[in-house]
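Peer 1: Below is the file my_file33.tsv, with TSV, C-alpha atoms and all ligand atoms.
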```tsv
chain	number	residue	atom	x	y	z
A	392	MET	CA	84.54	85.90	130.13
A	393	LYS	CA	87.79	85.45	128.22
A	394	ARG	CA	87.93	87.12	124.78
A	395	VAL	CA	90.50	87.24	122.00
A	396	ILE	CA	90.43	90.63	120.24
A	397	THR	CA	92.24	91.55	117.04
A	398	PHE	CA	93.39	95.18	116.80
A	399	TYR	CA	95.20	96.07	113.59
A	400	PHE	CA	96.10	98.49	110.80
A	401	SER	CA	96.66	96.83	107.43
A	402	PRO	CA	96.39	98.81	104.16
A	403	THR	CA	97.48	95.93	101.88
A	404	GLY	CA	96.21	93.07	104.03
A	405	THR	CA	99.40	91.25	105.09
A	406	THR	CA	99.23	92.35	108.74
A	407	GLU	CA	95.57	91.37	108.84
A	408	LYS	CA	96.39	87.85	107.57
A	409	ILE	CA	98.92	87.13	110.30
A	410	VAL	CA	96.93	88.78	113.09
A	411	MET	CA	93.88	86.68	112.09
A	412	GLU	CA	95.87	83.46	111.96
A	413	ILE	CA	97.32	84.04	115.43
A	414	ALA	CA	93.99	85.17	116.90
A	415	ASN	CA	91.90	82.36	115.38
A	416	ASN	CA	94.29	79.71	116.68
A	417	LEU	CA	94.51	81.36	120.09
A	418	ALA	CA	90.71	81.61	120.39
A	419	GLU	CA	90.37	77.94	119.46
A	420	LYS	CA	93.01	76.89	121.94
A	421	GLU	CA	91.49	79.02	124.73
A	422	SER	CA	87.91	78.08	123.73
A	423	CYS	CA	86.82	81.70	123.79
A	424	CYS	CA	85.07	84.16	121.49
A	425	ILE	CA	86.87	86.44	119.05
A	426	LEU	CA	86.15	90.11	118.27
A	427	HIS	CA	87.77	92.37	115.71
A	428	HIS	CA	88.80	96.02	115.58
A	429	ASP	CA	90.32	97.06	112.25
A	430	PHE	CA	91.68	100.63	112.46
A	431	THR	CA	93.00	100.81	108.89
A	432	LEU	CA	90.41	103.37	107.77
A	433	PRO	CA	89.89	106.79	109.39
A	434	ASN	CA	86.50	105.75	110.87
A	435	GLY	CA	88.27	102.86	112.66
A	436	ARG	CA	90.38	105.45	114.49
A	437	THR	CA	87.55	107.47	116.03
A	438	GLU	CA	87.14	105.12	119.00
A	439	TYR	CA	88.76	102.25	120.89
A	440	PRO	CA	87.46	98.84	121.91
A	441	ASP	CA	86.65	98.52	125.64
A	442	PHE	CA	89.53	96.28	126.60
A	443	MET	CA	89.34	94.58	129.98
A	444	GLU	CA	91.30	92.28	132.21
A	445	GLY	CA	90.97	88.76	130.87
A	446	ASP	CA	91.12	89.87	127.20
A	447	ILE	CA	93.94	88.74	124.95
A	448	VAL	CA	94.54	91.39	122.31
A	449	VAL	CA	96.46	90.57	119.14
A	450	ALA	CA	97.74	93.99	118.03
A	451	GLY	CA	99.37	94.35	114.61
A	452	VAL	CA	100.86	97.11	112.46
A	453	PRO	CA	103.13	97.15	109.40
A	454	VAL	CA	106.67	98.50	109.73
A	455	TYR	CA	107.10	101.90	108.06
A	456	ALA	CA	110.68	103.24	107.87
A	457	GLY	CA	111.75	100.80	110.58
A	458	ARG	CA	109.14	102.06	113.05
A	459	VAL	CA	105.46	101.95	113.97
A	460	PRO	CA	103.79	104.08	111.22
A	461	ASN	CA	103.95	107.62	112.60
A	462	VAL	CA	100.51	108.41	111.20
A	463	LEU	CA	99.13	106.06	113.91
A	464	LEU	CA	100.95	107.48	116.93
A	465	LYS	CA	98.29	109.99	117.91
A	466	TYR	CA	95.54	107.37	117.82
A	467	LEU	CA	97.62	104.78	119.66
A	468	SER	CA	98.51	107.30	122.38
A	469	GLY	CA	94.86	107.27	123.49
A	470	LEU	CA	94.71	103.50	123.87
A	471	LYS	CA	93.71	102.03	127.27
A	472	GLY	CA	94.65	98.43	127.99
A	473	ASN	CA	92.96	98.21	131.40
A	474	GLY	CA	95.17	95.26	132.35
A	475	ALA	CA	94.37	93.14	129.28
A	476	ARG	CA	97.11	90.91	127.89
A	477	ALA	CA	98.51	91.76	124.47
A	478	VAL	CA	100.52	90.15	121.71
A	479	ALA	CA	102.55	92.63	119.61
A	480	VAL	CA	102.87	91.81	115.92
A	481	VAL	CA	104.63	93.67	113.12
A	482	LEU	CA	104.80	92.86	109.41
A	483	TYR	CA	107.75	94.08	107.35
A	484	GLY	CA	108.68	93.87	103.68
A	485	ASN	CA	111.85	91.74	103.98
A	486	ARG	CA	114.21	94.70	104.53
A	487	ASP	CA	114.17	94.97	108.34
A	488	TYR	CA	111.79	95.71	111.21
A	489	ASP	CA	114.49	97.72	113.03
A	490	ASP	CA	112.88	99.05	116.26
A	491	ALA	CA	109.23	98.79	115.25
A	492	LEU	CA	108.41	95.75	117.39
A	493	LEU	CA	110.09	97.27	120.43
A	494	GLU	CA	108.19	100.52	119.86
A	495	LEU	CA	104.87	98.65	119.56
A	496	ARG	CA	105.61	96.70	122.76
A	497	ASP	CA	106.36	99.99	124.57
A	498	ILE	CA	103.16	101.61	123.25
A	499	LEU	CA	101.13	98.64	124.53
A	500	ASN	CA	102.90	98.52	127.89
A	501	ASN	CA	102.47	102.27	128.39
A	502	ALA	CA	98.78	101.95	127.55
A	503	GLY	CA	98.31	99.49	130.41
A	504	PHE	CA	98.48	96.16	128.62
A	505	SER	CA	100.61	93.27	129.79
A	506	VAL	CA	102.54	92.12	126.71
A	507	ILE	CA	102.92	88.32	126.80
A	508	GLY	CA	104.50	87.72	123.40
A	509	ALA	CA	105.65	89.44	120.23
A	510	ALA	CA	106.54	88.56	116.67
A	511	ALA	CA	107.89	90.07	113.46
A	512	PHE	CA	106.54	88.47	110.30
A	513	ILE	CA	107.25	89.23	106.63
A	514	GLY	CA	104.68	90.54	104.14
A	515	GLU	CA	104.91	91.46	100.47
A	516	HIS	CA	106.45	94.93	100.40
A	517	SER	CA	103.87	97.69	99.96
A	518	PHE	CA	106.03	99.30	97.22
A	519	SER	CA	106.58	96.13	95.18
A	520	TYR	CA	105.07	92.97	93.69
A	521	LYS	CA	108.48	91.25	93.80
A	522	LEU	CA	109.92	91.89	97.26
A	523	ALA	CA	108.63	89.19	99.63
A	524	LYS	CA	106.15	88.30	96.86
A	525	ASN	CA	102.94	86.64	98.13
A	526	ARG	CA	104.06	86.62	101.74
A	527	PRO	CA	102.86	85.70	104.25
A	528	ASP	CA	102.80	82.26	102.61
A	529	MET	CA	101.82	78.81	103.93
A	530	THR	CA	105.06	78.45	105.90
A	531	ASP	CA	104.50	81.84	107.56
A	532	LEU	CA	100.91	80.93	108.42
A	533	GLU	CA	102.05	77.65	109.97
A	534	MET	CA	104.54	79.61	112.07
A	535	ALA	CA	101.78	81.99	113.13
A	536	ALA	CA	99.59	79.05	114.21
A	537	ASP	CA	102.49	77.51	116.10
A	538	PHE	CA	103.19	80.87	117.77
A	539	ALA	CA	99.54	80.95	118.94
A	540	ASN	CA	99.86	77.46	120.42
A	541	ARG	CA	102.99	78.45	122.29
A	542	LEU	CA	101.40	81.72	123.45
A	543	SER	CA	98.60	79.89	125.18
A	544	LEU	CA	101.21	78.57	127.64
A	545	TYR	CA	101.94	82.17	128.72
A	546	VAL	CA	98.37	83.41	128.99
A	547	GLU	CA	98.00	82.64	132.69
A	548	SER	CA	101.56	83.43	133.79
A	549	ALA	CA	102.57	86.52	135.77
A	550	PRO	CA	103.40	89.72	133.82
A	551	LYS	CA	107.07	90.04	132.88
A	552	ASP	CA	109.32	92.39	130.94
A	553	LEU	CA	109.29	90.80	127.53
A	554	TYR	CA	112.68	90.99	125.80
A	555	ILE	CA	112.58	92.18	122.18
A	556	SER	CA	115.67	92.85	120.08
A	557	GLY	CA	116.22	96.46	119.07
A	558	ASN	CA	117.55	99.80	120.24
A	559	PRO	CA	115.59	101.16	123.26
A	560	ASP	CA	116.20	104.74	122.03
A	561	TYR	CA	114.73	103.74	118.64
A	562	LYS	CA	116.66	104.46	115.43
A	563	GLU	CA	115.66	107.46	113.34
A	564	TYR	CA	113.06	106.74	110.67
A	565	TYR	CA	114.82	104.83	107.85
A	566	LYS	CA	115.38	107.03	104.77
A	567	PRO	CA	116.18	105.97	101.20
A	568	MET	CA	119.37	107.32	99.53
A	569	ASP	CA	120.10	108.68	96.07
A	570	GLU	CA	123.04	107.56	93.84
A	571	GLU	CA	125.41	109.92	95.73
A	572	GLY	CA	124.42	108.52	99.10
A	573	ASN	CA	122.30	111.56	100.10
A	574	THR	CA	119.00	110.87	101.81
A	575	VAL	CA	115.94	111.49	99.67
A	576	ASP	CA	112.56	112.56	100.95
A	577	ILE	CA	109.75	110.57	99.36
A	578	ARG	CA	107.05	111.98	101.63
A	579	LYS	CA	105.83	114.35	98.92
A	580	VAL	CA	105.39	111.53	96.38
A	581	THR	CA	101.76	110.95	95.34
A	582	PRO	CA	100.06	108.34	93.11
A	583	LYS	CA	99.07	109.08	89.53
A	584	THR	CA	95.96	107.75	87.75
A	585	LYS	CA	95.90	106.28	84.23
A	586	ASP	CA	93.11	107.05	81.76
A	587	THR	CA	92.10	103.38	82.03
A	588	CYS	CA	90.61	104.19	85.49
A	589	ILE	CA	86.99	102.93	85.57
A	590	ASP	CA	86.01	105.27	88.43
A	591	CYS	CA	84.89	102.34	90.63
A	592	LYS	CA	85.89	104.38	93.74
A	593	ILE	CA	87.65	101.44	95.42
A	594	CYS	CA	90.82	103.55	95.84
A	595	ALA	CA	88.82	106.23	97.66
A	596	ARG	CA	87.25	103.64	99.95
A	597	VAL	CA	90.54	101.91	100.88
A	598	CYS	CA	92.75	104.98	101.43
A	599	PRO	CA	93.66	104.78	105.15
A	600	VAL	CA	94.06	108.53	105.43
A	601	GLY	CA	90.90	109.40	103.48
A	602	SER	CA	92.84	111.47	100.94
A	603	ILE	CA	91.12	110.32	97.72
A	604	PRO	CA	87.72	111.97	97.26
A	605	GLU	CA	85.00	109.77	95.76
A	606	ASP	CA	83.83	112.54	93.43
A	607	ASN	CA	87.27	112.85	91.81
A	608	VAL	CA	89.54	109.84	92.40
A	609	LYS	CA	92.33	111.43	90.33
A	610	ILE	CA	93.14	114.09	92.92
A	611	LEU	CA	94.36	114.02	96.53
A	612	THR	CA	92.86	116.18	99.24
A	613	GLY	CA	95.29	115.16	101.97
A	614	ILE	CA	98.57	113.38	102.61
A	615	CYS	CA	99.73	110.15	100.92
A	616	ILE	CA	101.49	107.63	103.19
A	617	LYS	CA	102.62	105.40	100.25
A	618	CYS	CA	100.85	102.41	101.87
A	619	GLY	CA	100.07	100.90	98.44
A	620	ALA	CA	96.37	100.26	99.14
A	621	CYS	CA	95.04	102.28	96.18
A	622	ILE	CA	97.60	100.68	93.87
A	623	LYS	CA	97.32	97.05	94.95
A	624	LYS	CA	93.53	97.09	95.36
A	625	CYS	CA	92.76	98.80	92.01
A	626	PRO	CA	90.98	96.19	89.83
A	627	VAL	CA	92.43	97.66	86.58
A	628	GLN	CA	95.91	98.73	87.80
A	629	ALA	CA	95.17	102.37	87.09
A	630	LYS	CA	97.07	103.81	90.08
A	631	TYR	CA	100.85	104.08	90.03
A	632	PHE	CA	103.86	106.05	91.29
A	633	ASP	CA	106.24	107.55	88.74
A	634	ASP	CA	108.59	109.52	91.00
A	635	LYS	CA	112.16	108.63	90.01
A	636	ASP	CA	113.54	108.53	93.58
A	637	TYR	CA	110.69	106.30	94.71
A	638	LEU	CA	111.17	103.96	91.73
A	639	ARG	CA	114.94	103.77	92.20
A	640	HIS	CA	114.49	103.02	95.91
A	641	LYS	CA	112.01	100.26	95.07
A	642	LEU	CA	114.38	98.67	92.49
A	643	GLU	CA	117.34	98.90	94.86
A	644	MET	CA	115.41	97.18	97.63
A	645	GLU	CA	114.15	94.46	95.28
A	646	GLU	CA	117.79	93.72	94.45
A	647	GLU	CA	119.38	94.19	97.90
A	648	PHE	CA	116.80	92.40	100.05
A	649	LYS	CA	116.09	89.43	97.80
A	650	GLU	CA	117.18	86.85	100.32
A	651	ARG	CA	114.25	85.35	102.19
A	652	ARG	CA	113.96	86.41	105.83
A	653	GLU	CA	112.10	84.33	108.38
A	654	PRO	CA	109.67	85.36	111.13
A	655	GLU	CA	111.05	86.02	114.63
A	656	ILE	CA	109.17	85.22	117.79
A	657	PHE	CA	109.67	86.56	121.33
A	658	LEU	CA	108.12	84.82	124.32
B	1	LIG	C1	105.97	104.00	103.91
B	1	LIG	C2	106.41	102.56	104.06
B	1	LIG	C3	107.59	102.27	104.69
B	1	LIG	C4	108.00	100.93	104.81
B	1	LIG	N1	109.16	100.67	105.51
B	1	LIG	C5	109.58	99.41	105.63
B	1	LIG	C6	110.79	99.10	106.34
B	1	LIG	O1	111.41	99.97	106.96
B	1	LIG	N2	111.22	97.83	106.35
B	1	LIG	C7	110.57	96.82	105.67
B	1	LIG	O2	111.09	95.71	105.65
B	1	LIG	N3	109.38	97.06	105.07
B	1	LIG	C8	108.87	98.32	105.03
B	1	LIG	N4	107.67	98.57	104.41
B	1	LIG	C9	106.87	97.45	103.89
B	1	LIG	C10	105.73	97.03	104.82
B	1	LIG	O3	106.15	96.99	106.16
B	1	LIG	C11	105.22	95.63	104.44
B	1	LIG	O4	104.98	95.53	103.08
B	1	LIG	C12	103.97	95.20	105.20
B	1	LIG	O5	103.79	93.81	104.98
B	1	LIG	C13	102.72	95.95	104.76
B	1	LIG	O6	101.65	95.63	105.63
B	1	LIG	P1	100.10	95.66	105.17
B	1	LIG	O7	99.95	94.64	104.07
B	1	LIG	O8	99.37	95.23	106.40
B	1	LIG	O9	99.78	97.03	104.69
B	1	LIG	C14	107.21	99.88	104.28
B	1	LIG	C15	106.01	100.19	103.65
B	1	LIG	C16	105.60	101.51	103.54
B	1	LIG	C17	104.28	101.81	102.91
```
Take the structure in the file and give it back as structure tokens.
Ligand SMILES: Cc1cc2nc3c(=O)[nH]c(=O)nc-3n(C[C@H](O)[C@H](O)[C@H](O)COP(=O)(O)O)c2cc1C
Peer 2:
Amino acid sequence: MKRVITFYFSPTGTTEKIVMEIANNLAEKESCCILHHDFTLPNGRTEYPDFMEGDIVVAGVPVYAGRVPNVLLKYLSGLKGNGARAVAVVLYGNRDYDDALLELRDILNNAGFSVIGAAAFIGEHSFSYKLAKNRPDMTDLEMAADFANRLSLYVESAPKDLYISGNPDYKEYYKPMDEEGNTVDIRKVTPKTKDTCIDCKICARVCPVGSIPEDNVKILTGICIKCGACIKKCPVQAKYFDDKDYLRHKLEMEEEFKERREPEIFL
């Protein structure tokens, strides 16, 4: 039995939107059932779906620092494709996807999938409400549906080495700069909580690394990956970053990468 399976990580929901649009259209076109595996939260990364030959897996991750988020590498290294076909999808915040799509294709190929297509789409930047605001939008979703229609032509064809632009040695993780052009390390930056917090615990439930404890949502018990989930999903906007390097980097990007970028598709 042919199945379409979504397999994605999406702290602020943009990757999920595009993966769903591609998968729903593909399942309709192929008249087959659709299953979902969301590995955004820690409990989604304790096991893997049983992929099998005949499956078409739509795998999506956001681009972090021009690469597949490194927090996912350990989990993804245990993936087993078992000959299933896969579509590699990355979402990036209108700066660049650098080598992330190539890296995702390689991860899928090495896991035993046959990658039949790939795409880089644009999503509102995790750090900002301005950069790529409200994307993916209707035009992006139409492109995702069109991509799915074109993909169905490749579903039955023989495996091939899918070309994807990028540097096969992968660039170093992209790092922001300060005013003097020195790289700054924003890994230590953590979110703050305003007194207007209503203690609804949503931030604790959406943190993809499980670092916000439900019994005290104002502290962190683990790392922060700056994914923006606790900030963008807070119903009263109580979570925020105030680190000056982070804020300058955000403002610089909002200015420098204003120009709309369009999705890229590889078949
Ligand atoms: C730590 C971090 C690094 C990021 N690095 C990049 C980047 O290198 N290029 C880019 O264009 N967007 C970058 N983004 C933005 C995300 O790729 C983008 O907003 C994506 O749509 C978020 O996906 P999600 O909504 O599924 O979480 C970064 C976001 C985070 C949190």
Peer 1: Counting all atoms listed in the file, what residues are within 7 Å of ligand LIG 1 (chain B), given as a PyMOL selection string?
Peer 2: chain A and resi 400-407+452-458+482-488+513-518+565+616-619
Peer 1: Smallest atom-to-atom distance to Glu650 in chain A: which of A:Tyr399, A:Asn558, A:Lys551, A:Ala523, using all atoms listed in the file?
Peer 2: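 When distances to Glu650 in chain A are compared using all atoms listed in the file, the smallest one comes from A:Ala523.
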Peer 1: For Lys566 in chain A, which of A:Ser548, A:Arg578, A:Lys471, A:Thr530 is the closest residue, counting all atoms listed in the file?
Peer 2: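 Once distances to Lys566 in chain A are computed over all atoms listed in the file, the minimum belongs to A:Arg578.
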Peer 1: Compile the contact shell of Glu438 in chain A as a PyMOL selection string: residues with an atom at most 12 Å away, counting only C-alpha atoms, same-chain residues fewer than 6 positions apart removed.
Peer 2: chain A and resi 398+428-430+432+466-467+469-471
Peer 1: Would you mind listing what lies within 12 Å of Glu547 in chain A as a list of chain:residue names, with all atoms listed in the file counted and same-chain residues fewer than 5 positions away left out?
Peer 2: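 These residues fall inside the cut-off: A:Lys393, A:Glu421, A:Glu444, A:Gly445, A:Asp446, A:Ile447, A:Ala475, A:Arg476, A:Ser505, A:Ile507, A:Leu542.
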Peer 1: Interatomic distance between CA of Val506 in chain A and CA of Val478 in chain A?
Peer 2: 5.7 Å
Peer 1: Hey, can you check how far CA of Arg541 in chain A sits from CA of Cys424 in chain A?
Peer 2: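 Separation of CA of Arg541 in chain A and CA of Cys424 in chain A: 18.8 Å.
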Peer 1: What's around Lys649 in chain A at 7 Å? Count all atoms listed in the file, leave out sequence neighbours fewer than 3 positions away in its own chain, and write the answer as a JSON list (two decimals) with C-alpha atoms, in the coordinates of the input.
Peer 2:
```json
[["chain", "number", "residue", "atom", "x", "y", "z"],
["A", 522, "LEU", "CA", 109.92, 91.89, 97.26],
["A", 645, "GLU", "CA", 114.15, 94.46, 95.28],
["A", 646, "GLU", "CA", 117.79, 93.72, 94.45]]
```
Peer 1: Just to confirm, what's the straight-line distance from CA of Leu553 in chain A to CA of Arg651 in chain A in Å (one decimal)?
Peer 2: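 One can read the CA of Leu553 in chain A to CA of Arg651 in chain A distance as 26.4 Å.
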Peer 1: Which of these residues is nearest to Ile589 in chain A, using all atoms listed in the file: A:Ile622, A:Phe648, A:Glu563, A:Gln628?
Peer 2: A:Gln628
Peer 1: Pick the closest to Thr431 in chain A from A:Asp552, A:Ala536, A:Val462, A:Glu494: which is it, counting only C-alpha atoms?
Peer 2: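 The closest residue to Thr431 in chain A is A:Val462.
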Peer 1: Have a look at A:Arg394, A:Lys562, A:Arg436, A:Lys641 and name the one nearest to Cys423 in chain A; count only C-alpha atoms.
Peer 2: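 Of all the options, A:Arg394 lies closest to Cys423 in chain A.
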Peer 1: Between A:Met443, A:Val597, A:Cys615, A:Ala491, which is the closest to Lys583 in chain A once you count only C-alpha atoms?
Peer 2: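 Selected residue with least distance to Lys583 in chain A: A:Cys615.
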Peer 1: Considering only C-alpha atoms, return as a ChimeraX atom specification whatever protein or nucleic-acid residues lie within 9 Å of Ile498 in chain A, sequence-local ones (same chain, fewer than 3 positions apart) excluded.
Peer 2: /A:464,467-468,470,493-495,501-504
